[in-house]
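Chemist: Hey, dropping data26.txt in here, compact mmCIF, N, CA and C atoms:
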# COMPACT_ATOMS: atom_id res chain seq x y z
N MET P 106 98.53 102.16 109.28
CA MET P 106 98.13 102.86 108.09
C MET P 106 96.66 102.58 107.82
N ASP P 107 96.02 103.49 107.19
CA ASP P 107 94.60 103.36 106.87
C ASP P 107 94.47 103.38 105.35
N CYS P 108 93.94 102.32 104.77
CA CYS P 108 93.83 102.20 103.31
C CYS P 108 92.37 102.01 102.91
N ARG P 109 92.05 102.48 101.72
CA ARG P 109 90.67 102.41 101.24
C ARG P 109 90.31 101.06 100.63
N SER P 110 91.33 100.30 100.20
CA SER P 110 91.06 99.01 99.55
C SER P 110 92.27 98.11 99.76
N PRO P 111 92.09 96.80 99.56
CA PRO P 111 93.25 95.91 99.64
C PRO P 111 94.34 96.28 98.64
N SER P 112 93.95 96.71 97.45
CA SER P 112 94.92 97.12 96.44
C SER P 112 95.73 98.32 96.91
N ASP P 113 95.06 99.29 97.50
CA ASP P 113 95.72 100.47 98.06
C ASP P 113 96.68 100.05 99.18
N CYS P 114 96.27 99.09 99.96
CA CYS P 114 97.10 98.58 101.04
C CYS P 114 98.36 97.92 100.50
N MET P 115 98.22 97.15 99.41
CA MET P 115 99.38 96.48 98.83
C MET P 115 100.36 97.49 98.25
N GLU P 116 99.84 98.53 97.60
CA GLU P 116 100.71 99.59 97.07
C GLU P 116 101.47 100.29 98.20
N THR P 117 100.78 100.53 99.31
CA THR P 117 101.43 101.16 100.46
C THR P 117 102.50 100.25 101.04
N LEU P 118 102.22 98.98 101.15
CA LEU P 118 103.20 98.02 101.67
C LEU P 118 104.43 97.95 100.76
N ILE P 119 104.22 97.98 99.46
CA ILE P 119 105.34 97.99 98.51
C ILE P 119 106.17 99.25 98.69
N ARG P 120 105.52 100.40 98.84
CA ARG P 120 106.26 101.66 99.06
C ARG P 120 107.06 101.62 100.35
N ILE P 121 106.50 101.03 101.39
CA ILE P 121 107.23 100.90 102.65
C ILE P 121 108.48 100.05 102.44
N TYR P 122 108.36 98.94 101.72
CA TYR P 122 109.50 98.08 101.46
C TYR P 122 110.54 98.81 100.60
N GLU P 123 110.10 99.53 99.59
CA GLU P 123 111.04 100.25 98.73
C GLU P 123 111.75 101.36 99.50
N ASN P 124 111.06 102.04 100.40
CA ASN P 124 111.72 103.04 101.25
C ASN P 124 112.74 102.38 102.17
N PHE P 125 112.41 101.18 102.68
CA PHE P 125 113.34 100.42 103.50
C PHE P 125 114.62 100.12 102.70
N LEU P 126 114.44 99.69 101.45
CA LEU P 126 115.60 99.39 100.60
C LEU P 126 116.43 100.64 100.32
N LEU P 127 115.75 101.76 100.04
CA LEU P 127 116.48 103.00 99.76
C LEU P 127 117.27 103.47 100.98
N ASN P 128 116.72 103.30 102.16
CA ASN P 128 117.43 103.70 103.37
C ASN P 128 118.59 102.76 103.66
N LYS P 129 118.45 101.52 103.25
CA LYS P 129 119.49 100.51 103.49
C LYS P 129 120.62 100.65 102.47
N ASP P 130 120.25 100.81 101.20
CA ASP P 130 121.22 100.88 100.11
C ASP P 130 120.69 101.88 99.09
N ASN P 131 121.28 103.04 99.06
CA ASN P 131 120.79 104.15 98.25
C ASN P 131 120.79 103.91 96.75
N THR P 132 121.39 102.83 96.27
CA THR P 132 121.63 102.72 94.84
C THR P 132 120.64 101.84 94.08
N SER P 133 119.99 100.89 94.75
CA SER P 133 119.22 99.91 93.99
C SER P 133 117.81 99.71 94.53
N LEU P 134 116.87 99.61 93.60
CA LEU P 134 115.49 99.29 93.98
C LEU P 134 115.05 98.00 93.32
N GLU P 135 115.99 97.13 93.04
CA GLU P 135 115.66 95.84 92.45
C GLU P 135 115.48 94.82 93.56
N TYR P 136 114.38 94.05 93.45
CA TYR P 136 114.11 93.01 94.44
C TYR P 136 113.19 91.97 93.84
N THR P 137 113.17 90.83 94.47
CA THR P 137 112.31 89.75 94.01
C THR P 137 111.08 89.65 94.91
N LEU P 138 110.09 88.93 94.46
CA LEU P 138 108.90 88.69 95.28
C LEU P 138 109.30 87.96 96.56
N ASP P 139 110.23 87.02 96.44
CA ASP P 139 110.68 86.27 97.61
C ASP P 139 111.29 87.20 98.66
N GLU P 140 112.06 88.18 98.23
CA GLU P 140 112.66 89.14 99.17
C GLU P 140 111.58 89.99 99.84
N LEU P 141 110.58 90.37 99.09
CA LEU P 141 109.47 91.14 99.65
C LEU P 141 108.70 90.31 100.67
N LEU P 142 108.47 89.04 100.37
CA LEU P 142 107.76 88.17 101.30
C LEU P 142 108.58 87.93 102.57
N LYS P 143 109.90 87.81 102.44
CA LYS P 143 110.75 87.67 103.62
C LYS P 143 110.70 88.91 104.49
N PHE P 144 110.60 90.09 103.86
CA PHE P 144 110.46 91.34 104.61
C PHE P 144 109.17 91.31 105.43
N ILE P 145 108.10 90.84 104.83
CA ILE P 145 106.82 90.73 105.54
C ILE P 145 106.97 89.80 106.74
N ASP P 146 107.66 88.68 106.54
CA ASP P 146 107.87 87.74 107.64
C ASP P 146 108.65 88.36 108.79
N GLN P 147 109.53 89.30 108.48
CA GLN P 147 110.37 89.93 109.51
C GLN P 147 109.62 90.99 110.31
N LEU P 148 108.49 91.45 109.81
CA LEU P 148 107.72 92.46 110.54
C LEU P 148 107.12 91.83 111.78
N PHE P 149 107.25 92.50 112.89
CA PHE P 149 106.77 91.96 114.16
C PHE P 149 105.26 91.85 114.18
N ASP P 150 104.59 92.90 113.78
CA ASP P 150 103.13 92.93 113.88
C ASP P 150 102.56 93.49 112.59
N LEU P 151 101.89 92.66 111.84
CA LEU P 151 101.26 93.09 110.60
C LEU P 151 99.88 92.46 110.55
N SER P 152 98.86 93.29 110.53
CA SER P 152 97.50 92.78 110.47
C SER P 152 96.61 93.80 109.78
N ALA P 153 95.46 93.33 109.37
CA ALA P 153 94.48 94.20 108.71
C ALA P 153 93.08 93.82 109.15
N LEU P 154 92.22 94.80 109.16
CA LEU P 154 90.80 94.57 109.41
C LEU P 154 90.05 94.98 108.15
N THR P 155 89.23 94.08 107.65
CA THR P 155 88.39 94.40 106.50
C THR P 155 86.94 94.22 106.90
N TYR P 156 86.10 95.08 106.36
CA TYR P 156 84.69 95.02 106.72
C TYR P 156 84.01 93.86 105.99
N ASN P 157 83.29 93.04 106.73
CA ASN P 157 82.56 91.90 106.19
C ASN P 157 81.08 92.21 106.29
N GLU P 158 80.46 92.48 105.14
CA GLU P 158 79.05 92.89 105.15
C GLU P 158 78.12 91.79 105.64
N LYS P 159 78.44 90.54 105.32
CA LYS P 159 77.58 89.42 105.75
C LYS P 159 77.55 89.31 107.27
N ALA P 160 78.69 89.53 107.89
CA ALA P 160 78.78 89.42 109.35
C ALA P 160 78.49 90.75 110.04
N HIS P 161 78.34 91.81 109.26
CA HIS P 161 78.13 93.15 109.80
C HIS P 161 79.20 93.51 110.82
N GLY P 162 80.44 93.19 110.45
CA GLY P 162 81.56 93.49 111.33
C GLY P 162 82.87 93.35 110.58
N TYR P 163 83.95 93.41 111.31
CA TYR P 163 85.28 93.36 110.72
C TYR P 163 85.90 91.98 110.86
N THR P 164 86.70 91.62 109.86
CA THR P 164 87.44 90.37 109.87
C THR P 164 88.92 90.69 109.97
N ALA P 165 89.62 90.03 110.88
CA ALA P 165 91.05 90.25 111.05
C ALA P 165 91.84 89.35 110.10
N HIS P 166 92.95 89.89 109.59
CA HIS P 166 93.82 89.16 108.67
C HIS P 166 95.25 89.31 109.13
N GLY P 167 96.05 88.27 108.90
CA GLY P 167 97.46 88.28 109.28
C GLY P 167 98.37 88.28 108.07
N LYS P 168 99.60 87.87 108.31
CA LYS P 168 100.63 87.91 107.27
C LYS P 168 100.29 87.06 106.05
N ALA P 169 99.67 85.93 106.26
CA ALA P 169 99.31 85.06 105.12
C ALA P 169 98.36 85.78 104.17
N TRP P 170 97.42 86.52 104.71
CA TRP P 170 96.48 87.29 103.88
C TRP P 170 97.24 88.33 103.07
N PHE P 171 98.17 89.04 103.72
CA PHE P 171 98.96 90.05 103.02
C PHE P 171 99.75 89.42 101.88
N LYS P 172 100.36 88.27 102.14
CA LYS P 172 101.17 87.61 101.11
C LYS P 172 100.31 87.20 99.92
N GLY P 173 99.14 86.65 100.17
CA GLY P 173 98.25 86.26 99.09
C GLY P 173 97.76 87.45 98.29
N LYS P 174 97.34 88.49 98.97
CA LYS P 174 96.85 89.70 98.29
C LYS P 174 97.98 90.39 97.53
N LEU P 175 99.17 90.40 98.10
CA LEU P 175 100.32 91.02 97.45
C LEU P 175 100.68 90.27 96.17
N HIS P 176 100.69 88.96 96.25
CA HIS P 176 100.99 88.15 95.07
C HIS P 176 99.96 88.40 93.97
N ALA P 177 98.69 88.40 94.32
CA ALA P 177 97.62 88.65 93.34
C ALA P 177 97.73 90.06 92.77
N HIS P 178 98.03 91.02 93.60
CA HIS P 178 98.17 92.42 93.17
C HIS P 178 99.30 92.55 92.15
N LEU P 179 100.45 91.94 92.45
CA LEU P 179 101.59 92.03 91.54
C LEU P 179 101.33 91.29 90.23
N ARG P 180 100.58 90.18 90.28
CA ARG P 180 100.20 89.48 89.04
C ARG P 180 99.31 90.36 88.18
N ARG P 181 98.37 91.07 88.81
CA ARG P 181 97.48 91.99 88.07
C ARG P 181 98.30 93.10 87.40
N ILE P 182 99.26 93.65 88.12
CA ILE P 182 100.10 94.71 87.57
C ILE P 182 100.90 94.18 86.39
N ALA P 183 101.50 93.00 86.56
CA ALA P 183 102.30 92.40 85.48
C ALA P 183 101.44 92.13 84.25
N ALA P 184 100.24 91.65 84.45
CA ALA P 184 99.35 91.34 83.33
C ALA P 184 98.93 92.61 82.59
N SER P 185 98.76 93.70 83.30
CA SER P 185 98.35 94.95 82.66
C SER P 185 99.49 95.63 81.92
N ASN P 186 100.74 95.24 82.23
CA ASN P 186 101.91 95.83 81.57
C ASN P 186 102.36 95.04 80.36
N VAL P 187 101.64 94.00 80.00
CA VAL P 187 102.04 93.15 78.86
C VAL P 187 101.63 93.81 77.57
Please go through the file and, once you have read it, give me the structure as structure tokens.
Modeler:
Amino acid sequence: MDCRSPSDCMETLIRIYENFLLNKDNTSLEYTLDELLKFIDQLFDLSALTYNEKAHGYTAHGKAWFKGKLHAHLRRIAASNV
């Protein structure tokens, strides 16, 4: 997938997980952060390249980066819904 920002990437990843849940069990879209993180762990290959202006090139990121960004993204969403 090609995303314009880390936030856009996290939203896309959440949609992928929610579609996975809908295909698995048509009735419920309730899940915990822990379940979402376990889903990420189960993915065989998950990586991202982000442009690093200081290095004038791309930096590769793995599952740990996704988990950190996803957690921060969901905290931002929760804070804005208060």
Chemist: So the first atom is CA of Asn131 (chain P) and the second is CA of Ile119 (chain P); what is the distance between them in Å, to one decimal place?
Modeler: 16.6 Å
Chemist: Would you return as number ranges by chain the members of chain P that DSSP assigns to helix (DSSP H, G or I) on this structure's backbone?
Modeler: P: 111-129, 138-147, 168-185
Chemist: Counting all atoms listed in the file, what is within 8 Å of region 154-157 of chain P, bar same-chain residues fewer than 5 positions away, as a list in words?
Modeler: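 The filter keeps Gly162, Tyr163, Thr164, Ala165, His166 and Gly167 of chain P.
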Chemist: Grab the atom N of Phe149 (chain P) to CA of Phe171 (chain P) distance for me, in Å with one decimal place.
Modeler: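 Calculated distance between atom N of Phe149 (chain P) and CA of Phe171 (chain P) is 13.1 Å.
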Chemist: What does the distance between atom C of Leu151 (chain P) and atom C of Lys168 (chain P) come to in Å, to one decimal place?
Modeler: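 The value is 7.0 Å.
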Chemist: So which residues of chain P fall under strand (DSSP E or B) by DSSP, listed as a ChimeraX atom specification?
Modeler: /P:153-157,162-166
Chemist: Selection from above, N, CA and C atoms, as a CSV table (one decimal), in the coordinates of the input, can you write it?
Modeler:
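That gives us selection31.csv:
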chain,number,residue,atom,x,y,z
P,153,ALA,N,95.5,93.3,109.4
P,153,ALA,CA,94.5,94.2,108.7
P,153,ALA,C,93.1,93.8,109.2
P,154,LEU,N,92.2,94.8,109.2
P,154,LEU,CA,90.8,94.6,109.4
P,154,LEU,C,90.0,95.0,108.2
P,155,THR,N,89.2,94.1,107.6
P,155,THR,CA,88.4,94.4,106.5
P,155,THR,C,86.9,94.2,106.9
P,156,TYR,N,86.1,95.1,106.4
P,156,TYR,CA,84.7,95.0,106.7
P,156,TYR,C,84.0,93.9,106.0
P,157,ASN,N,83.3,93.0,106.7
P,157,ASN,CA,82.6,91.9,106.2
P,157,ASN,C,81.1,92.2,106.3
P,162,GLY,N,80.4,93.2,110.4
P,162,GLY,CA,81.6,93.5,111.3
P,162,GLY,C,82.9,93.4,110.6
P,163,TYR,N,84.0,93.4,111.3
P,163,TYR,CA,85.3,93.4,110.7
P,163,TYR,C,85.9,92.0,110.9
P,164,THR,N,86.7,91.6,109.9
P,164,THR,CA,87.4,90.4,109.9
P,164,THR,C,88.9,90.7,110.0
P,165,ALA,N,89.6,90.0,110.9
P,165,ALA,CA,91.0,90.2,111.0
P,165,ALA,C,91.8,89.4,110.1
P,166,HIS,N,93.0,89.9,109.6
P,166,HIS,CA,93.8,89.2,108.7
P,166,HIS,C,95.2,89.3,109.1
